[in-house]
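Novice: This is the structure I have questions about; it appears just below.
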Amino acid sequence: MAYEDAGKNLMLNALGAAGVYASLHIVNGTEVTGGSPAYARKAITYAAANAGSMAANGTLPVFNVPACTVAYVGIYSASTGGTKYCTIPVTNEVYAAQGTHTILTGTLDLNAA
């Protein structure tokens, strides 16, 4: 089934209006935990969707991360627990020690393959 841009925009705008949180996940898909300062999900806001895509609205979140390999970004309904809406693979970033990870793009794109 192929959605028209109007349908994609409706879905994305509903997601953005609900308030979402970005998360980081390691290579096996498990969410990052621990560290000092401790890792935590970060709120992310979105501009209105256009042509089936929705860009982050404002500063992208910076996460504290322990030694790990970040391989995915997740989008959740809450800062803890909640419903996972999607998981997005990213280029693996290896942290040999405590560090920070910045999401480089906050775009959600329903046109992506």
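In the structure tokens, chains take letters A, B, ... by order of appearance, with residues numbered from 1 within each chain and ligands from 1 in the order shown.
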Tell me, as number ranges by chain, which residues lie within 9 Å of segment 63-79 of chain A, counting only C-alpha atoms; anything in the same chain fewer than 3 positions away does not count.

Specialist: A: 15, 18-29, 31-43, 82-103

Novice: Would you list, as a PyMOL selection string, the residues of segment 12-109 of chain A that end up in helix (DSSP H, G or I) under DSSP run on this structure's backbone?

Specialist: chain A and resi 12-18

Novice: I need the strand (DSSP E) residues of chain A per DSSP on the backbone, written as a ChimeraX atom specification.

Specialist: /A:20-26,42-44,53-54,62-65,68-76,84-95,99-102,108-109

Novice: Quick one: of A:Gly106, A:Gly7, A:Ala14, A:Met1, who's nearest to Ala51 of chain A, counting only C-alpha atoms?

Specialist: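 The answer is A:Gly7, which sits nearest to Ala51 of chain A.
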
Novice: For each of A:Leu10, A:Leu110, A:Thr105, A:Tyr3, take the minimum atom-to-atom distance to Ala56 of chain A, counting only C-alpha atoms, then give the residue where this is smallest.

Specialist: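 For Ala56 of chain A, the nearest of the given residues is A:Thr105.
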
Novice: Find the spatial neighbours of Ala17 of chain A, counting only C-alpha atoms, within a cut-off of 10 Å - ignore same-chain residues fewer than 6 positions away - and output them as a PyMOL selection string.

Specialist: chain A and resi 45-48
